[in-house]
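Shown below: query.txt, with compact mmCIF, C-alpha atoms (C1' of nucleotides).
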```
# COMPACT_ATOMS: atom_id res chain seq x y z
CA MET J 1 28.72 -16.62 -10.64
CA SER J 2 29.80 -18.75 -13.57
CA ALA J 3 29.34 -17.57 -17.11
CA LEU J 4 27.06 -20.46 -17.83
CA TRP J 5 24.44 -19.08 -15.52
CA TYR J 6 24.61 -15.58 -16.64
CA ILE J 7 22.91 -14.44 -19.77
CA GLU J 8 23.40 -10.75 -19.94
CA ASN J 9 20.86 -8.58 -21.66
CA VAL J 10 19.93 -11.30 -24.04
CA ASP J 11 16.36 -11.32 -25.11
CA MET J 12 15.61 -14.88 -24.18
CA TYR J 13 12.21 -14.70 -25.72
CA THR J 14 13.55 -13.96 -29.19
CA LEU J 15 16.18 -16.56 -28.67
CA LEU J 16 13.92 -19.28 -27.44
CA CYS J 17 10.49 -18.81 -28.90
CA PRO J 18 10.08 -22.35 -30.25
CA HIS J 19 7.99 -21.20 -33.13
CA LYS J 20 11.00 -19.87 -34.91
CA PHE J 21 11.97 -23.42 -35.59
CA ALA J 22 10.69 -24.30 -39.02
CA GLU J 23 8.63 -27.31 -38.19
CA TYR J 24 6.73 -25.45 -35.52
CA SER J 25 6.35 -22.03 -37.03
CA LYS J 26 3.09 -22.93 -38.69
CA ASN J 27 1.59 -23.40 -35.27
CA HIS J 28 2.70 -20.04 -34.02
CA ASN J 29 0.28 -19.37 -31.33
CA PHE J 30 0.35 -16.30 -29.15
CA LYS J 31 -2.10 -15.80 -26.39
CA ARG J 32 -2.99 -12.35 -25.20
CA PHE J 33 -4.04 -11.60 -21.63
CA GLY J 34 -5.30 -8.52 -19.81
CA LYS J 35 -4.75 -7.39 -16.26
CA GLU J 36 -5.78 -10.01 -13.71
CA ASP J 37 -6.56 -12.60 -16.38
CA VAL J 38 -5.81 -16.08 -15.11
CA VAL J 39 -3.47 -18.21 -17.20
CA TYR J 40 -4.03 -21.26 -15.04
CA TRP J 41 -5.37 -22.13 -11.61
CA GLU J 42 -4.08 -24.49 -9.00
CA GLU J 43 -5.22 -28.01 -9.83
CA ASP J 44 -5.53 -27.28 -13.55
CA ALA J 45 -4.00 -29.88 -15.80
CA ALA J 46 -0.36 -29.03 -16.34
CA SER J 47 0.05 -29.56 -20.05
CA SER J 48 1.86 -26.46 -21.28
CA ILE J 49 4.87 -24.32 -20.61
CA TYR J 50 4.65 -20.58 -21.19
CA LEU J 51 7.25 -18.11 -22.33
CA ILE J 52 6.52 -14.44 -21.72
CA ALA J 53 6.75 -12.40 -24.92
CA GLU J 54 5.38 -9.18 -23.45
CA GLY J 55 4.07 -7.98 -20.11
CA LYS J 56 4.18 -9.45 -16.63
CA VAL J 57 2.86 -12.53 -14.85
CA LYS J 58 2.57 -13.21 -11.15
CA ILE J 59 2.85 -16.71 -9.72
CA VAL J 60 0.70 -17.03 -6.61
CA VAL J 61 -0.44 -19.56 -4.07
CA TYR J 62 -3.34 -19.10 -1.70
CA GLY J 63 -3.21 -19.39 2.07
CA GLU J 64 -5.85 -20.98 4.25
CA ASN J 65 -7.91 -17.83 4.48
CA GLY J 66 -7.71 -17.23 0.78
CA GLU J 67 -5.03 -14.57 1.12
CA GLU J 68 -2.69 -14.52 -1.79
CA ARG J 69 1.02 -15.06 -1.51
CA ILE J 70 3.13 -14.00 -4.41
CA LYS J 71 5.87 -16.44 -5.24
CA ALA J 72 7.31 -14.58 -8.15
CA ILE J 73 6.70 -11.80 -10.63
CA LEU J 74 8.04 -12.62 -14.04
CA GLY J 75 8.65 -10.44 -17.07
CA LYS J 76 9.56 -10.64 -20.73
CA GLY J 77 11.82 -13.52 -21.62
CA GLU J 78 11.04 -15.53 -18.51
CA LEU J 79 9.22 -18.81 -18.41
CA PHE J 80 6.73 -20.55 -16.15
CA GLY J 81 4.70 -23.73 -15.90
CA GLU J 82 7.92 -25.67 -16.39
CA MET J 83 6.86 -28.47 -14.04
CA ALA J 84 4.84 -29.83 -16.97
CA LEU J 85 8.20 -30.76 -18.49
CA PHE J 86 9.01 -32.94 -15.55
CA GLY J 87 5.86 -34.95 -15.60
CA ALA J 88 3.70 -32.91 -13.24
CA GLU J 89 0.05 -33.51 -13.96
CA LYS J 90 -1.49 -30.64 -12.04
CA ARG J 91 -0.50 -27.06 -11.33
CA ARG J 92 0.51 -26.36 -7.79
CA GLU J 93 0.27 -22.63 -8.18
CA CYS J 94 -1.75 -20.07 -10.00
CA ALA J 95 -0.46 -17.85 -12.81
CA VAL J 96 -2.10 -14.47 -13.41
CA ALA J 97 -1.25 -11.78 -15.96
CA ILE J 98 -0.74 -8.40 -14.32
CA ASP J 99 -0.17 -6.15 -17.30
CA THR J 100 -2.92 -4.91 -19.56
CA ASN J 101 -1.02 -6.21 -22.54
CA THR J 102 0.55 -9.50 -21.63
CA VAL J 103 1.45 -11.81 -24.48
CA LEU J 104 2.40 -15.40 -23.85
CA CYS J 105 3.82 -18.04 -26.07
CA PRO J 106 2.45 -21.40 -24.93
CA MET J 107 3.84 -24.73 -25.97
CA SER J 108 2.89 -28.22 -25.03
CA ALA J 109 5.25 -30.25 -22.91
CA GLU J 110 5.49 -32.68 -25.79
CA THR J 111 6.55 -30.05 -28.31
CA MET J 112 9.02 -28.68 -25.84
CA ASN J 113 10.57 -32.07 -25.15
CA ASN J 114 10.90 -32.74 -28.87
CA LEU J 115 12.60 -29.41 -29.45
CA MET J 116 14.93 -29.95 -26.54
CA ARG J 117 15.86 -33.33 -27.95
CA ASP J 118 16.50 -31.96 -31.44
CA TYR J 119 18.18 -28.66 -30.67
CA LYS J 120 20.97 -28.64 -28.14
CA ASP J 121 21.31 -24.88 -27.91
CA PHE J 122 17.61 -24.50 -27.38
CA ALA J 123 17.69 -27.15 -24.66
CA LEU J 124 20.57 -25.41 -22.96
CA GLY J 125 18.78 -22.07 -23.10
CA ILE J 126 15.66 -23.53 -21.55
CA ARG J 127 17.65 -25.21 -18.80
CA LYS J 128 19.38 -21.94 -18.06
CA LEU J 129 16.05 -20.15 -17.86
CA ILE J 130 14.63 -22.72 -15.47
CA GLY J 131 17.76 -22.68 -13.35
CA TRP J 132 17.76 -18.92 -13.27
CA LYS J 133 14.18 -18.80 -12.12
CA LEU J 134 14.82 -21.40 -9.45
CA GLN J 135 17.78 -19.46 -8.21
CA LYS J 136 15.77 -16.26 -8.16
CA ILE J 137 12.98 -17.75 -6.09
CA GLU J 138 15.40 -19.45 -3.72
CA ARG J 139 17.27 -16.22 -3.25
CA ARG J 140 14.05 -14.40 -2.46
CA MET J 141 13.23 -16.93 0.23
CA GLU J 142 16.56 -16.14 1.83
CA ILE J 143 15.73 -12.45 1.74
CA LEU J 144 12.45 -13.06 3.52
CA LEU J 145 14.39 -14.57 6.40
CA PHE J 146 16.21 -11.33 7.08
CA LYS J 147 14.94 -9.65 10.19
CA ASP J 148 14.11 -6.09 9.43
CA ALA J 149 12.45 -4.36 6.55
CA GLU J 150 15.42 -2.25 5.54
CA THR J 151 17.74 -5.23 5.28
CA ARG J 152 15.23 -7.04 3.11
CA LEU J 153 14.89 -4.08 0.80
CA ARG J 154 18.65 -3.57 0.55
CA GLU J 155 19.16 -7.23 -0.28
CA PHE J 156 16.42 -7.08 -2.88
CA ILE J 157 18.00 -4.05 -4.53
CA LYS J 158 21.39 -5.71 -4.39
CA ASP J 159 20.04 -8.70 -6.28
CA LEU J 160 18.34 -6.50 -8.83
CA ALA J 161 21.62 -4.68 -9.35
CA SER J 162 23.57 -7.83 -10.00
CA GLU J 163 20.89 -9.13 -12.34
CA SER J 164 20.43 -6.05 -14.45
CA GLY J 165 22.29 -3.08 -13.05
CA GLN J 166 24.39 -0.91 -15.33
CA LYS J 167 27.47 0.34 -13.54
CA ARG J 168 28.69 3.83 -14.21
CA GLY J 169 31.45 4.73 -11.81
CA GLU J 170 30.02 4.94 -8.35
CA THR J 171 26.43 4.70 -9.53
CA VAL J 172 24.43 1.74 -10.73
CA ILE J 173 21.30 2.24 -12.78
CA ILE J 174 18.70 -0.47 -12.49
CA LYS J 175 15.76 -0.59 -14.85
CA HIS J 176 13.16 -2.98 -13.59
CA ILE J 177 9.60 -4.09 -14.16
CA TYR J 178 8.25 -3.78 -10.65
CA THR J 179 5.84 -1.33 -9.09
CA GLN J 180 6.34 -0.48 -5.43
CA GLN J 181 3.38 -2.73 -4.73
CA ASN J 182 5.15 -5.59 -6.51
CA ILE J 183 8.34 -5.13 -4.52
CA ALA J 184 6.40 -4.87 -1.26
CA ASP J 185 4.63 -8.14 -2.08
CA LEU J 186 7.88 -9.88 -2.96
CA ILE J 187 9.73 -8.96 0.21
CA GLY J 188 6.82 -9.13 2.62
CA LEU J 189 6.19 -5.48 3.41
CA ALA J 190 3.22 -3.17 3.40
CA ARG J 191 3.49 -0.80 0.48
CA PRO J 192 3.57 2.47 2.48
CA THR J 193 6.38 0.98 4.58
CA LEU J 194 8.33 0.24 1.43
CA ASN J 195 7.71 3.74 0.18
CA GLN J 196 8.96 5.22 3.42
CA LEU J 197 12.10 3.09 3.29
CA PHE J 198 12.78 4.27 -0.24
CA ASN J 199 12.38 7.85 0.90
CA ASP J 200 14.72 7.26 3.84
CA LEU J 201 17.37 5.77 1.59
CA ARG J 202 16.98 8.67 -0.81
CA SER J 203 17.40 11.27 1.91
CA GLN J 204 20.49 9.45 3.10
CA GLY J 205 21.86 9.87 -0.41
CA ALA J 206 22.08 6.12 -0.91
CA LEU J 207 19.89 6.01 -3.99
CA ASP J 208 17.33 7.71 -6.15
CA PHE J 209 14.24 6.16 -7.65
CA LYS J 210 11.33 6.68 -9.97
CA ARG J 211 8.89 4.46 -11.81
CA GLY J 212 10.68 1.45 -13.18
CA GLU J 213 14.12 2.66 -12.18
CA ILE J 214 16.40 2.64 -9.17
CA CYS J 215 19.68 4.48 -9.23
CA ILE J 216 22.21 3.46 -6.62
CA LYS J 217 24.35 6.47 -5.77
CA LYS J 218 27.05 4.77 -3.79
CA ARG J 219 27.85 1.22 -4.80
CA GLN J 220 29.57 0.26 -1.59
CA MET J 221 26.38 0.96 0.35
CA PHE J 222 24.84 -2.03 -1.40
CA ALA J 223 28.02 -4.01 -1.84
CA VAL J 224 27.66 -4.19 -5.61
C1' DG Y 225 9.07 -1.39 14.09
C1' DC Y 226 5.81 -2.22 11.12
C1' DA Y 227 0.72 -2.80 9.35
C1' DT Y 228 -3.54 -0.67 8.19
C1' DT Y 229 -6.33 2.88 6.46
C1' DA Y 230 -7.34 6.78 4.03
C1' DA Y 231 -6.96 10.64 1.14
C1' DA Y 232 -4.75 13.13 -2.24
C1' DG Y 233 -1.02 13.93 -5.89
C1' DA Y 234 1.39 12.48 -10.23
C1' DG Y 235 1.82 9.91 -14.45
C1' DA Y 236 0.36 6.93 -18.35
C1' DG Y 237 -2.76 5.58 -21.87
C1' DC R 238 -10.35 11.88 -18.38
C1' DT R 239 -9.82 7.71 -15.96
C1' DC R 240 -7.12 4.37 -14.03
C1' DT R 241 -2.97 3.02 -11.91
C1' DC R 242 0.88 4.06 -9.19
C1' DT R 243 3.06 6.90 -5.58
C1' DT R 244 3.22 9.92 -1.61
C1' DT R 245 2.11 11.27 2.86
C1' DA R 246 -0.16 11.32 7.38
C1' DA R 247 -2.85 9.36 11.08
C1' DT R 248 -3.67 5.52 14.10
C1' DG R 249 -2.93 1.22 16.34
C1' DC R 250 -0.84 -3.41 17.50
```

File written out as C-alpha cells:
Amino acid sequence: MSALWYIENVDMYTLLCPHKFAEYSKNHNFKRFGKEDVVYWEEDAASSIYLIAEGKVKIVVYGENGEERIKAILGKGELFGEMALFGAEKRRECAVAIDTNTVLCPMSAETMNNLMRDYKDFALGIRKLIGWKLQKIERRMEILLFKDAETRLREFIKDLASESGQKRGETVIIKHIYTQQNIADLIGLARPTLNQLFNDLRSQGALDFKRGEICIKKRQMFAV
DNA sequence: GCATTAAAGAGAG
DNA sequence: CTCTCTTTAATGC
C-alpha cells in the first residue's frame, strides 16, 4: 500500500474540519444526533457532506421487503454524503447515527468545493478520505464473496489489523469501534454465529477479544 | 453449516 | 437501575 493512501493514526477530523479555516469559522455548525436518528433518507436532496466528529454512523440501503442492508459503519474522522460533491442531486442511501452522542460537522457542497479549490492540502486530505472509504467498502464486498463464515471473519479481522492494528511481537492489538452486532451485519452473519466463531478462535489460541478490542495472538494465523 | 429464537449474564452510563 | 452488548443453548432449515 503506498504511503499516499495511508494516514496512520491521524485524527482526520481535527485535520479537516473546514471550520478551522478562518473564513468559515464563523459558521461553525455542529449537529448532534442520538441513537437511531436519521441524518438523511434515500431520495433526500444531496446538498451536504458530513464529517464525523464524534460517534458512529451507519450507511444503509433497504431491500424489497424493507429489510436493511448495512453498507458501512463509519466512525470519528470519516466522511459520508460525498456524492454531493460530484453533482448527485439525491441520496441513494440512508445515513443513521448509531451512537447516543454522535456529532457531525456538515458542510455544503459549495463550501467544500471552494475550500478544495483554495487549499491544496485540504483537498488532498478529502480525496484521501473518499478514496479510503471507497477502498474499504470495495474490500468488504470482496469479503462477502468468501464462502464460509470463518473465512469472512478472518478476512475482516485481517483488514482491521492492517488499518489500525498495533504490532507487538507476535501479537497485534486492534482497538475498534464495532459491536459484535456491527461486525455480524458487515460480514453477513447472524450475531450468535459470530460470537461462536470468536469463541472458537479464542479457544484455538488464535486471538482474544473484549468490547472494542481484538488481540491477535499469533500474527501468522491472520497473515498480518 | 448457519439462522433464528430466547433467556440470562456482564458492563456502561 | 436501566439499557445495551455479549454469552450460551435449543431448535430447525

(message) Which residues are close to J:Arg168, i.e. within 12 Å by only C-alpha atoms (C1' of nucleotides), leaving aside same-chain residues fewer than 6 positions away? Reply as a PyMOL selection string.
(response) chain J and resi 174+215-219+224

(request) Extract, using only C-alpha atoms (C1' of nucleotides), all DNA, RNA and protein residues at most 8 Å from J:Leu104, discarding same-chain residues fewer than 4 positions from it, and format them as a ChimeraX atom specification. (result) /J:30-33,50-54

Sorted by chain and rising residue number, list the residues of chain J at most 12 Å from chain Y (counting only C-alpha atoms (C1' of nucleotides)), each with its closest atom pair and distance in Å to one decimal, as CSV.
```
residue,atom,partner,partner_atom,distance
J:Thr100,CA,Y:DG237,C1',10.7
J:Asn101,CA,Y:DG237,C1',11.9
J:Lys147,CA,Y:DG225,C1',10.9
J:Asp148,CA,Y:DG225,C1',8.3
J:Ala149,CA,Y:DC226,C1',8.3
J:Glu150,CA,Y:DG225,C1',10.7
J:Gly188,CA,Y:DC226,C1',11.0
J:Leu189,CA,Y:DC226,C1',8.4
J:Ala190,CA,Y:DA227,C1',6.5
J:Arg191,CA,Y:DA227,C1',9.5
J:Pro192,CA,Y:DA227,C1',9.1
J:Thr193,CA,Y:DC226,C1',7.3
J:Leu194,CA,Y:DC226,C1',10.3
J:Gln196,CA,Y:DC226,C1',11.2
J:Leu197,CA,Y:DC226,C1',11.4
J:Lys210,CA,Y:DG235,C1',11.0
J:Arg211,CA,Y:DG235,C1',9.3
```

(request) Name the residues, using the chain letters and numbers of the file, that sit within 9 Å of (3.4, -17.6, -5.9) when counting only C-alpha atoms (C1' of nucleotides), and give them as a list in words. (result) Lys58, Ile59, Val60, Val61, Tyr62, Glu68, Arg69, Ile70, Lys71, Ala72, Ile73, Glu93, Cys94 and Ala95 of chain J

Would you mind listing, as a PDB file with C-alpha atoms (C1' of nucleotides), keeping the file's coordinate frame, all residues of chain R that have at least one atom within 9 Å of chain J, where all atoms listed in the file are what counts?
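The file below, iface.pdb, is the result:
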```pdb
ATOM      1  C1'  DC R 242       0.880   4.060  -9.190  1.00  0.00           C
ATOM      2  C1'  DT R 243       3.060   6.900  -5.580  1.00  0.00           C
ATOM      3  C1'  DT R 244       3.220   9.920  -1.610  1.00  0.00           C
ATOM      4  C1'  DT R 245       2.110  11.270   2.860  1.00  0.00           C
TER       5       DT R 245
END
```

(request) Quote the spacing between atom CA of J:Gly34 and atom CA of J:Gly55 in Å to one decimal place. (result) 9.4 Å

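Atom pair atom CA of J:Gly75 / atom CA of J:Leu186 has a distance of 14.1 Å (rounded to one decimal).
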
(request) Tell me, in Å to one decimal, how far atom CA of J:Asp44 is from atom CA of J:Lys90. (result) 5.5 Å
